[in-house]
>>> print(open('query10.cif').read())   # mmCIF, C-alpha atoms
data_structure
loop_
_atom_site.label_atom_id
_atom_site.label_comp_id
_atom_site.auth_asym_id
_atom_site.auth_seq_id
_atom_site.Cartn_x
_atom_site.Cartn_y
_atom_site.Cartn_z
CA THR A 237 -8.93 -16.76 -33.33
CA ARG A 238 -9.42 -17.53 -29.66
CA ALA A 239 -7.82 -14.96 -27.39
CA THR A 240 -5.19 -16.09 -24.92
CA GLN A 241 -5.74 -14.99 -21.31
CA TRP A 242 -3.02 -14.30 -18.75
CA LEU A 243 -2.77 -13.11 -15.18
CA MET A 244 0.02 -11.05 -13.65
CA PRO A 245 1.59 -11.71 -10.24
CA ASN A 246 1.25 -9.10 -7.51
CA GLY A 247 3.15 -5.87 -8.01
CA GLY A 248 2.49 -2.27 -8.95
CA ASN A 249 4.89 -2.59 -11.89
CA GLY A 250 2.51 -4.98 -13.69
CA PRO A 251 0.50 -2.64 -15.96
CA GLN A 252 3.57 -0.87 -17.37
CA TYR A 253 5.36 -4.20 -17.77
CA LEU A 254 2.41 -5.45 -19.83
CA VAL A 255 2.47 -2.41 -22.10
CA ASN A 256 6.22 -2.81 -22.60
CA ARG A 257 6.08 -6.52 -23.30
CA PHE A 258 3.13 -6.53 -25.67
CA SER A 259 4.20 -3.41 -27.54
CA GLU A 260 7.21 -5.47 -28.53
CA ALA A 261 4.97 -8.42 -29.42
CA ILE A 262 2.85 -6.21 -31.70
CA ALA A 263 5.95 -4.66 -33.29
CA ASN A 264 7.25 -8.17 -34.01
CA GLY A 265 3.95 -9.26 -35.56
CA GLU A 266 3.23 -11.75 -32.76
CA SER A 267 -0.03 -10.04 -31.69
CA ARG A 268 -2.60 -7.79 -33.34
CA PHE A 269 -4.69 -6.60 -30.40
CA VAL A 270 -3.96 -6.80 -26.68
CA LEU A 271 -6.48 -5.80 -24.03
CA PHE A 272 -5.32 -4.98 -20.50
CA ALA A 273 -7.94 -4.72 -17.79
CA GLY A 274 -7.73 -4.37 -14.05
CA ALA A 275 -9.92 -3.32 -11.14
CA GLU A 276 -9.72 -2.89 -7.40
CA ALA A 277 -12.90 -3.00 -5.32
CA MET A 278 -11.38 -3.11 -1.86
CA ALA A 279 -13.69 -0.44 -0.46
CA THR A 280 -16.77 -2.50 -1.28
CA ALA A 281 -15.12 -5.75 -0.21
CA ARG A 282 -14.20 -4.27 3.16
CA LYS A 283 -17.72 -2.93 3.68
CA ILE A 284 -19.22 -6.35 2.92
CA VAL A 285 -16.86 -8.07 5.36
CA LYS A 286 -17.57 -5.50 8.10
CA THR A 287 -21.35 -5.72 7.70
CA THR A 288 -21.78 -9.45 7.05
CA GLY A 289 -18.63 -11.02 8.44
CA GLU A 290 -18.20 -12.93 5.18
CA GLN A 291 -16.08 -12.57 2.09
CA PRO A 292 -17.99 -11.22 -0.95
CA PRO A 293 -19.17 -14.02 -3.30
CA TRP A 294 -17.37 -12.67 -6.35
CA GLN A 295 -16.02 -15.89 -7.79
CA GLU A 296 -17.04 -16.26 -11.42
CA ALA A 297 -16.64 -19.11 -13.85
CA ALA A 298 -13.89 -18.16 -16.32
CA SER A 299 -14.12 -18.85 -20.03
CA GLY A 300 -10.69 -20.44 -19.75
CA ASP A 301 -8.04 -21.15 -17.20
CA PRO A 302 -5.61 -18.22 -17.45
CA SER A 303 -2.05 -18.85 -16.34
CA PHE A 304 0.46 -16.38 -14.99
CA LEU A 305 2.35 -14.56 -17.71
CA VAL A 306 5.59 -14.40 -15.73
CA GLU A 307 6.94 -15.97 -12.58
CA ASP A 308 6.99 -13.66 -9.60
CA VAL A 309 10.24 -12.54 -8.02
CA GLU A 310 10.90 -13.25 -4.36
CA LEU A 311 9.99 -10.01 -2.62
CA SER A 312 11.51 -10.99 0.71
CA THR A 313 13.29 -14.07 2.01
CA PRO A 314 12.11 -16.08 5.03
CA HIS A 315 15.01 -14.58 7.01
CA GLU A 316 13.94 -11.04 6.08
CA GLN A 317 10.34 -11.83 6.97
CA GLN A 318 11.42 -13.02 10.42
CA HIS A 319 12.68 -9.49 11.03
CA GLY A 320 9.53 -7.77 9.78
CA LEU A 321 10.68 -6.94 6.25
CA TRP A 322 7.50 -8.01 4.52
CA LEU A 323 5.04 -5.16 5.19
CA ALA A 324 5.37 -2.27 2.76
CA PRO A 325 4.95 0.63 5.23
CA GLY A 326 7.79 -0.65 7.40
CA PHE A 327 10.20 -1.15 4.51
CA TYR A 328 9.54 2.21 2.87
CA ALA A 329 9.75 3.98 6.24
CA MET A 330 13.15 2.34 6.74
CA SER A 331 14.16 3.59 3.29
CA GLU A 332 12.96 7.08 4.20
CA ASN A 333 15.06 7.16 7.34
CA ALA A 334 18.07 6.00 5.33
CA ARG A 335 17.46 8.89 2.91
CA ARG A 336 17.18 11.40 5.76
CA HIS A 337 20.49 10.21 7.22
CA GLN A 338 22.20 10.29 3.82
CA LEU A 339 20.97 13.84 3.19
CA GLY A 340 21.96 15.01 6.67
CA HIS A 341 18.51 16.39 7.43
CA SER A 342 17.11 16.91 10.89
CA VAL A 343 13.93 15.01 11.72
CA GLU A 344 11.87 18.21 11.65
CA GLU A 345 13.34 19.45 8.37
CA HIS A 346 12.86 16.14 6.62
CA GLN A 347 9.32 15.64 7.91
CA LEU A 348 8.22 19.01 6.56
CA GLY A 349 9.86 18.15 3.23
CA LEU A 350 7.71 15.01 3.03
CA GLY A 351 4.64 17.11 3.64
CA GLU A 352 5.66 19.62 0.98
CA LEU A 353 6.23 16.81 -1.53
CA PHE A 354 2.78 15.33 -1.09
CA ALA A 355 0.97 18.66 -0.66
CA ARG A 356 1.57 19.19 -4.37
CA PHE A 357 0.04 15.77 -5.04
CA THR A 358 -3.14 16.84 -3.25
CA GLU A 359 -3.34 19.88 -5.55
CA VAL A 360 -3.65 17.50 -8.50
CA ALA A 361 -6.04 15.12 -6.74
CA ALA A 362 -8.34 17.98 -5.73
CA LYS A 363 -8.92 18.74 -9.43
CA SER A 364 -9.30 15.15 -10.62
CA PRO A 365 -12.76 13.64 -11.18
CA HIS A 366 -11.26 10.18 -10.64
CA ALA A 367 -9.50 10.83 -7.31
CA TRP A 368 -10.83 8.93 -4.31
CA TYR A 369 -9.64 11.66 -1.91
CA PRO A 370 -9.98 14.97 -3.85
CA VAL A 371 -8.99 17.22 -0.94
CA GLN A 372 -6.15 19.73 -1.07
CA ARG A 373 -4.01 19.62 2.09
CA SER A 374 -1.14 21.72 3.39
CA ALA A 375 2.37 20.40 4.00
CA GLU A 376 1.89 20.84 7.74
CA GLU A 377 -1.40 18.94 7.70
CA ILE A 378 0.21 16.01 5.90
CA ALA A 379 3.40 15.99 7.99
CA THR A 380 1.83 16.37 11.44
CA ALA A 381 0.50 13.32 13.28
CA THR A 382 -3.00 13.82 14.71
CA ASN A 383 -5.92 11.63 15.73
CA SER A 384 -7.10 11.60 12.11
CA ASN A 385 -3.59 11.39 10.64
CA ARG A 386 -1.81 8.84 12.80
CA TYR A 387 1.65 7.46 12.27
CA VAL A 388 1.49 4.21 10.29
CA ALA A 389 5.23 3.54 10.19
CA TRP A 390 7.42 6.39 11.40
CA PRO A 391 8.00 8.90 9.89
CA TYR A 392 5.00 8.22 7.66
CA THR A 393 1.62 9.54 8.68
CA LYS A 394 -1.60 8.16 7.22
CA TYR A 395 -1.65 10.85 4.52
CA MET A 396 1.73 9.64 3.27
CA ASN A 397 0.57 6.07 2.63
CA ALA A 398 -0.95 4.46 -0.43
CA MET A 399 -4.67 4.05 0.15
CA ASN A 400 -6.10 0.77 -1.07
CA GLN A 401 -9.64 1.09 0.29
CA ILE A 402 -10.96 2.26 -3.07
CA ASN A 403 -13.09 1.13 -6.02
CA GLN A 404 -11.24 1.94 -9.24
CA SER A 405 -10.67 0.32 -12.61
CA ALA A 406 -8.99 1.01 -15.93
CA ALA A 407 -8.37 -0.72 -19.24
CA LEU A 408 -6.06 -0.22 -22.21
CA LEU A 409 -6.25 -1.51 -25.78
CA LEU A 410 -2.98 -1.89 -27.63
CA THR A 411 -2.63 -2.37 -31.37
CA SER A 412 -0.53 -1.39 -34.38
CA VAL A 413 -0.92 1.68 -36.60
CA ASP A 414 -2.10 -0.51 -39.49
CA GLN A 415 -4.79 -2.22 -37.44
CA ALA A 416 -5.95 1.08 -35.95
CA ARG A 417 -6.32 2.66 -39.38
CA LYS A 418 -8.25 -0.37 -40.64
CA LEU A 419 -10.72 0.28 -37.82
CA GLY A 420 -11.09 3.89 -38.88
CA ILE A 421 -9.21 5.39 -35.95
CA THR A 422 -7.74 8.71 -37.04
CA ASP A 423 -4.06 9.54 -36.58
CA ASP A 424 -4.81 12.40 -34.18
CA LYS A 425 -5.87 9.81 -31.60
CA PHE A 426 -2.67 7.77 -31.88
CA ILE A 427 -0.46 7.60 -28.79
CA TYR A 428 2.87 5.82 -29.06
CA LEU A 429 5.12 4.14 -26.53
CA HIS A 430 8.48 5.69 -27.47
CA GLY A 431 10.69 4.16 -24.80
CA CYS A 432 10.36 1.53 -22.10
CA SER A 433 12.36 -0.47 -19.59
CA ASP A 434 11.87 -3.16 -16.95
CA THR A 435 14.31 -4.08 -14.19
CA LYS A 436 14.35 -6.02 -10.96
CA GLU A 437 16.32 -5.42 -7.78
CA LYS A 438 18.39 -7.66 -5.54
CA SER A 439 16.87 -9.10 -2.37
CA ILE A 440 16.44 -6.61 0.46
CA LEU A 441 19.50 -7.74 2.42
CA GLY A 442 21.57 -7.98 -0.76
CA ARG A 443 21.32 -4.29 -1.61
CA GLN A 444 24.12 -1.79 -1.25
CA ASN A 445 21.97 0.70 0.67
CA TYR A 446 18.34 1.67 1.26
CA TYR A 447 18.41 5.28 0.09
CA SER A 448 18.90 4.43 -3.60
CA SER A 449 18.07 1.65 -6.04
CA GLU A 450 20.45 0.33 -8.67
CA ALA A 451 17.55 -1.28 -10.54
CA MET A 452 15.74 2.06 -10.64
CA ARG A 453 18.91 3.75 -11.92
CA VAL A 454 19.19 1.26 -14.78
CA MET A 455 15.48 1.66 -15.55
CA ALA A 456 15.84 5.45 -15.75
CA GLU A 457 18.84 5.14 -18.02
CA GLN A 458 17.36 2.54 -20.34
CA VAL A 459 13.94 4.13 -20.83
CA PHE A 460 15.66 6.99 -22.68
CA ALA A 461 18.42 4.92 -24.27
CA ASN A 462 15.82 2.68 -25.94
CA ASN A 463 13.46 5.44 -27.08
CA SER A 464 12.29 5.73 -30.69
CA ALA A 465 11.51 9.46 -30.66
CA SER A 466 14.95 11.07 -30.63
CA GLU A 467 18.45 10.07 -29.59
CA ASP A 468 18.62 13.38 -27.70
CA LEU A 469 15.39 12.84 -25.75
CA GLY A 470 15.96 13.31 -22.03
CA ILE A 471 14.16 14.12 -18.81
CA ASP A 472 14.20 17.85 -19.65
CA ASP A 473 11.97 17.06 -22.65
CA ILE A 474 9.29 15.38 -20.52
CA GLU A 475 6.34 17.68 -19.84
CA HIS A 476 4.12 15.24 -17.93
CA ILE A 477 5.25 12.86 -15.18
CA ASP A 478 3.61 10.25 -13.03
CA PHE A 479 6.10 8.73 -10.60
CA TYR A 480 4.88 5.71 -8.66
CA SER A 481 3.94 7.14 -5.28
CA CYS A 482 3.10 4.44 -2.76
CA PHE A 483 5.18 6.35 -0.18
CA PRO A 484 7.27 9.55 -0.26
CA SER A 485 10.57 7.67 -0.54
CA ALA A 486 9.39 6.11 -3.82
CA VAL A 487 8.72 9.54 -5.33
CA ALA A 488 11.87 11.18 -3.95
CA MET A 489 14.07 8.31 -5.09
CA ALA A 490 12.58 8.46 -8.60
CA ARG A 491 12.98 12.23 -8.69
CA ASP A 492 16.64 11.97 -7.67
CA THR A 493 17.33 9.04 -9.98
CA PHE A 494 15.93 10.84 -13.02
CA GLY A 495 17.93 13.95 -12.13
CA LEU A 496 15.13 16.34 -11.19
CA SER A 497 15.80 19.02 -8.60
CA VAL A 498 13.67 19.35 -5.48
CA ASP A 499 12.28 22.64 -6.79
CA ASP A 500 11.53 21.41 -10.33
CA PRO A 501 8.27 23.14 -11.30
CA ARG A 502 6.80 20.08 -13.01
CA GLN A 503 4.18 18.11 -11.12
CA LEU A 504 5.37 14.58 -10.32
CA THR A 505 1.87 13.13 -10.70
CA ILE A 506 -0.98 13.56 -13.15
CA THR A 507 -3.55 11.72 -11.01
CA GLY A 508 -2.81 12.75 -7.43
CA GLY A 509 -0.85 9.60 -6.67
CA LEU A 510 -1.62 6.48 -4.68
CA PRO A 511 -2.38 8.26 -1.37
CA PHE A 512 -4.87 10.73 -2.87
CA HIS A 513 -6.02 9.38 -6.22
CA GLY A 514 -6.03 6.02 -4.47
CA GLY A 515 -5.18 2.57 -5.69
CA ALA A 516 -2.55 0.57 -3.87
CA GLY A 517 -3.43 -2.96 -4.96
CA ASN A 518 -1.84 -3.82 -8.29
CA ASN A 519 -3.71 -1.73 -10.85
CA TYR A 520 -2.89 1.90 -10.04
CA VAL A 521 -0.50 2.24 -12.98
CA MET A 522 -3.22 1.14 -15.41
CA ASN A 523 -5.04 4.26 -14.23
CA SER A 524 -1.96 6.46 -14.55
CA ILE A 525 -1.21 5.21 -18.08
CA ALA A 526 -4.83 5.85 -19.12
CA ALA A 527 -4.57 9.34 -17.63
CA MET A 528 -1.24 9.91 -19.39
CA VAL A 529 -2.77 8.91 -22.74
CA GLU A 530 -5.46 11.54 -22.22
CA LYS A 531 -2.87 14.10 -21.11
CA VAL A 532 -0.48 13.79 -24.06
CA ARG A 533 -3.33 13.42 -26.55
CA ALA A 534 -4.67 16.79 -25.38
CA ASP A 535 -1.18 18.33 -25.37
CA LYS A 536 0.01 17.54 -28.89
CA GLY A 537 3.74 17.03 -29.27
CA SER A 538 4.36 16.62 -25.56
CA TYR A 539 5.99 13.63 -23.86
CA GLY A 540 4.81 11.85 -20.73
CA LEU A 541 6.76 9.57 -18.39
CA VAL A 542 5.12 6.88 -16.27
CA THR A 543 7.05 4.81 -13.73
CA ALA A 544 5.91 1.77 -11.79
CA ASN A 545 7.24 -0.09 -8.78
CA GLY A 546 6.38 -3.45 -7.27
CA GLY A 547 7.25 -4.92 -3.91
CA TYR A 548 9.97 -3.18 -1.92
CA PHE A 549 11.68 -1.35 -4.80
CA SER A 550 11.83 -4.93 -6.10
CA LYS A 551 10.42 -4.59 -9.63
CA HIS A 552 10.53 -1.49 -11.81
CA ALA A 553 8.99 -0.44 -15.11
CA ALA A 554 8.82 2.80 -17.08
CA GLY A 555 7.33 4.08 -20.31
CA ILE A 556 7.53 7.27 -22.38
CA TYR A 557 4.32 8.26 -24.20
CA SER A 558 3.51 10.80 -26.88
#
>>> encode(input="query10.cif", output="structure tokens")
Amino acid sequence: TRATQWLMPNGGNGPQYLVNRFSEAIANGESRFVLFAGAEAMATARKIVKTTGEQPPWQEAASGDPSFLVEDVELSTPHEQQHGLWLAPGFYAMSENARRHQLGHSVEEHQLGLGELFARFTEVAAKSPHAWYPVQRSAEEIATATNSNRYVAWPYTKYMNAMNQINQSAALLLTSVDQARKLGITDDKFIYLHGCSDTKEKSILGRQNYYSSEAMRVMAEQVFANNSASEDLGIDDIEHIDFYSCFPSAVAMARDTFGLSVDDPRQLTITGGLPFHGGAGNNYVMNSIAAMVEKVRADKGSYGLVTANGGYFSKHAAGIYS
């Protein structure tokens, strides 16, 4: 049987959306095997452009003409774009300032909190063989603007931004228990998707506020409501977490939405996150899902939560693995 090929539109939610959608297809008997593959080679591409002045000649003849699996959502309207709401750092910085105002924090207090949040991410990245920036940094180092850590969009310094100048790739193979056993794969290697959800948000100007996301709230609610592991499964039962981390506001909003306290001892990333593991582009979550599979496979009986976000809190996806 000839395999069908698809492409996904831009958005960091894509890999988790694919797992959610095709897990359902396999459960319904519509597919037997589904291969997801993605790669970002922006570091090499940038180097080629800087040294030659030309785009890298990477076009390849495809075996078919893949179409887009889903239509993309409108990330920002022409009116919003006229006012600068089309670059991610600016939008998420605006969201961060809305959060600071809502929380009643001073600028200094909030800035240090951002540094403390991502300092813990650097602890994970420093121990990861796959991290592009495996350097542990202090909260003050991350929060303070310097010549090597400039402001990109206030209050975000460079160390608070997703870093897309990386070369990284990941792939996942999805199938049913029956097919896996036919291939001789033993049960101890099985990892299941127990719960999942996908949501999309209103346009930027149509939202109630910029310090929370209704679509994220629904996603957080539904990923547990739809789970197949236990009707009592909740966030307290999740041992391993990877919140999408393009900017601090994305992590903090997910933490608050899922009901975690600021001092929750669990790490909120298993990779180091987009600023330190690297991987803005569209494929970071393929890496985090692959890492989560390894994590829960090694920690038998544990549950892992992966979240994904595309656009400007525009598209959300989540999955629970064990």
>>> resolve_selection(input="query10.cif", expression="the PyMOL selection byres ((chain A and resi 333) around 12)", output="ChimeraX atom specification")
/A:326-332,334-343,346-347,350,389-392,445-448,484-485
>>> closest_residue(input="query10.cif", among="A:Ser303, A:Ser497, A:Gln291, A:Asn403", to="Tyr369 in chain A", atoms="all atoms listed in the file")
A:Asn403
>>> resolve_selection(input="query10.cif", expression="the PyMOL selection byres ((chain A and resi 371-379) around 9)", output="NGL selection string")
:A and (347-363 or 369-370 or 380-382 or 385 or 391-396 or 512)
>>> axis_aligned_box(input="query10.cif", around="range 464-479 of chain A", padding_each_side="8 Å", output="JSON")
{"center_x": 11.1, "center_y": 11.8, "center_z": -20.6, "size_x": 31.0, "size_y": 28.1, "size_z": 36.1}
>>> closest_atom_pairs(input="query10.cif", of="range 327-425 of chain A", to="range 259-276 of chain A", cutoff="6 Å", atoms="only C-alpha atoms", output="Markdown table")
| residue | atom | partner | partner_atom | distance |
| --- | --- | --- | --- | --- |
| A:Asn403 | CA | A:Glu276 | CA | 5.4 |
| A:Gln404 | CA | A:Glu276 | CA | 5.4 |
| A:Ser405 | CA | A:Ala275 | CA | 4.0 |
| A:Ala406 | CA | A:Gly274 | CA | 5.8 |
| A:Ala407 | CA | A:Ala273 | CA | 4.3 |
| A:Leu408 | CA | A:Phe272 | CA | 5.1 |
| A:Leu409 | CA | A:Leu271 | CA | 4.6 |
| A:Leu410 | CA | A:Val270 | CA | 5.1 |
| A:Thr411 | CA | A:Phe269 | CA | 4.8 |
>>> atom_distance(input="query10.cif", atom1="CA of His315 in chain A", atom2="CA of Glu450 in chain A")
22.3 Å
>>> resolve_selection(input="query10.cif", expression="the PyMOL selection byres ((chain A and resi 240) around 10)", output="ChimeraX atom specification")
/A:237-239,241-242,270,300-303
>>> closest_residue(input="query10.cif", among="A:Leu243, A:Val529, A:Leu541, A:Ala456", to="His476 in chain A", atoms="only C-alpha atoms")
A:Leu541
>>> residues_around(input="query10.cif", residues="Leu504 in chain A", least_positions_apart="4", cutoff="9 Å", atoms="all atoms listed in the file", output="compact mmCIF listing (two decimals) with C-alpha atoms, keeping the file's coordinate frame")
# COMPACT_ATOMS: atom_id res chain seq x y z
CA ARG A 356 1.57 19.19 -4.37
CA PHE A 357 0.04 15.77 -5.04
CA HIS A 476 4.12 15.24 -17.93
CA ILE A 477 5.25 12.86 -15.18
CA ASP A 478 3.61 10.25 -13.03
CA PHE A 479 6.10 8.73 -10.60
CA VAL A 487 8.72 9.54 -5.33
CA ARG A 491 12.98 12.23 -8.69
CA GLY A 508 -2.81 12.75 -7.43
CA GLY A 509 -0.85 9.60 -6.67
>>> atom_distance(input="query10.cif", atom1="CA of Cys432 in chain A", atom2="CA of Ile556 in chain A")
6.4 Å
>>> atom_distance(input="query10.cif", atom1="CA of Val521 in chain A", atom2="CA of Ala554 in chain A")
10.2 Å
>>> closest_residue(input="query10.cif", among="A:Arg443, A:Lys436, A:His430, A:Lys531", to="Thr505 in chain A", atoms="all atoms listed in the file")
A:Lys531
>>> residues_around(input="query10.cif", residues="Tyr548 in chain A", least_positions_apart="3", cutoff="10 Å", atoms="all atoms listed in the file", output="PDB file with C-alpha atoms, in the coordinates of the input")
ATOM      1  CA  GLY A 247       3.150  -5.870  -8.010  1.00  0.00           C
ATOM      2  CA  LEU A 311       9.990 -10.010  -2.620  1.00  0.00           C
ATOM      3  CA  SER A 312      11.510 -10.990   0.710  1.00  0.00           C
ATOM      4  CA  LEU A 321      10.680  -6.940   6.250  1.00  0.00           C
ATOM      5  CA  TRP A 322       7.500  -8.010   4.520  1.00  0.00           C
ATOM      6  CA  LEU A 323       5.040  -5.160   5.190  1.00  0.00           C
ATOM      7  CA  ALA A 324       5.370  -2.270   2.760  1.00  0.00           C
ATOM      8  CA  PRO A 325       4.950   0.630   5.230  1.00  0.00           C
ATOM      9  CA  GLY A 326       7.790  -0.650   7.400  1.00  0.00           C
ATOM     10  CA  PHE A 327      10.200  -1.150   4.510  1.00  0.00           C
ATOM     11  CA  TYR A 328       9.540   2.210   2.870  1.00  0.00           C
ATOM     12  CA  SER A 331      14.160   3.590   3.290  1.00  0.00           C
ATOM     13  CA  GLU A 437      16.320  -5.420  -7.780  1.00  0.00           C
ATOM     14  CA  SER A 439      16.870  -9.100  -2.370  1.00  0.00           C
ATOM     15  CA  ILE A 440      16.440  -6.610   0.460  1.00  0.00           C
ATOM     16  CA  ALA A 486       9.390   6.110  -3.820  1.00  0.00           C
ATOM     17  CA  ASN A 545       7.240  -0.090  -8.780  1.00  0.00           C
ATOM     18  CA  LYS A 551      10.420  -4.590  -9.630  1.00  0.00           C
TER      19      LYS A 551
END
>>> residues_around(input="query10.cif", residues="Gly517 in chain A", least_positions_apart="5", cutoff="10 Å", atoms="only C-alpha atoms", output="count of residues only")
13
>>> closest_residue(input="query10.cif", among="A:Leu429, A:Leu419, A:Ala279, A:Met522", to="Phe258 in chain A", atoms="all atoms listed in the file")
A:Leu429
>>> build_atoms(input="query10.cif", residues="range 395-418 of chain A", atoms="N, CA and C atoms", output="CSV table (one decimal), keeping the file's coordinate frame")
chain,number,residue,atom,x,y,z
A,395,TYR,N,-1.5,10.1,5.8
A,395,TYR,CA,-1.6,10.8,4.5
A,395,TYR,C,-0.5,10.6,3.6
A,396,MET,N,0.6,9.9,4.1
A,396,MET,CA,1.7,9.6,3.3
A,396,MET,C,1.7,8.2,2.7
A,397,ASN,N,0.7,7.5,3.0
A,397,ASN,CA,0.6,6.1,2.6
A,397,ASN,C,-0.4,5.8,1.5
A,398,ALA,N,0.0,4.9,0.6
A,398,ALA,CA,-1.0,4.5,-0.4
A,398,ALA,C,-2.3,4.0,0.2
A,399,MET,N,-3.4,4.4,-0.4
A,399,MET,CA,-4.7,4.0,0.2
A,399,MET,C,-5.4,3.0,-0.8
A,400,ASN,N,-5.5,1.8,-0.2
A,400,ASN,CA,-6.1,0.8,-1.1
A,400,ASN,C,-7.6,0.5,-0.8
A,401,GLN,N,-8.2,1.3,0.1
A,401,GLN,CA,-9.6,1.1,0.3
A,401,GLN,C,-10.4,1.9,-0.7
A,402,ILE,N,-10.4,1.5,-2.0
A,402,ILE,CA,-11.0,2.3,-3.1
A,402,ILE,C,-11.7,1.3,-4.0
A,403,ASN,N,-12.5,1.9,-4.9
A,403,ASN,CA,-13.1,1.1,-6.0
A,403,ASN,C,-12.7,1.9,-7.3
A,404,GLN,N,-11.7,1.3,-8.0
A,404,GLN,CA,-11.2,1.9,-9.2
A,404,GLN,C,-10.9,0.9,-10.3
A,405,SER,N,-11.0,1.3,-11.5
A,405,SER,CA,-10.7,0.3,-12.6
A,405,SER,C,-10.2,1.1,-13.8
A,406,ALA,N,-9.5,0.4,-14.7
A,406,ALA,CA,-9.0,1.0,-15.9
A,406,ALA,C,-8.7,-0.1,-16.9
A,407,ALA,N,-8.7,0.2,-18.2
A,407,ALA,CA,-8.4,-0.7,-19.2
A,407,ALA,C,-7.7,0.0,-20.4
A,408,LEU,N,-6.8,-0.7,-21.1
A,408,LEU,CA,-6.1,-0.2,-22.2
A,408,LEU,C,-6.2,-1.2,-23.4
A,409,LEU,N,-6.3,-0.7,-24.6
A,409,LEU,CA,-6.2,-1.5,-25.8
A,409,LEU,C,-5.0,-1.1,-26.6
A,410,LEU,N,-4.2,-2.1,-26.9
A,410,LEU,CA,-3.0,-1.9,-27.6
A,410,LEU,C,-3.1,-2.5,-29.0
A,411,THR,N,-2.7,-1.8,-30.0
A,411,THR,CA,-2.6,-2.4,-31.4
A,411,THR,C,-1.6,-1.6,-32.2
A,412,SER,N,-1.5,-2.0,-33.5
A,412,SER,CA,-0.5,-1.4,-34.4
A,412,SER,C,-1.2,-0.2,-35.1
A,413,VAL,N,-0.4,0.6,-35.8
A,413,VAL,CA,-0.9,1.7,-36.6
A,413,VAL,C,-1.8,1.1,-37.7
A,414,ASP,N,-1.3,0.1,-38.4
A,414,ASP,CA,-2.1,-0.5,-39.5
A,414,ASP,C,-3.5,-1.0,-39.0
A,415,GLN,N,-3.5,-1.7,-37.9
A,415,GLN,CA,-4.8,-2.2,-37.4
A,415,GLN,C,-5.7,-1.1,-37.0
A,416,ALA,N,-5.1,-0.1,-36.4
A,416,ALA,CA,-6.0,1.1,-36.0
A,416,ALA,C,-6.6,1.8,-37.1
A,417,ARG,N,-5.8,2.0,-38.2
A,417,ARG,CA,-6.3,2.7,-39.4
A,417,ARG,C,-7.4,1.8,-40.1
A,418,LYS,N,-7.2,0.5,-40.1
A,418,LYS,CA,-8.2,-0.4,-40.6
A,418,LYS,C,-9.6,-0.2,-39.9
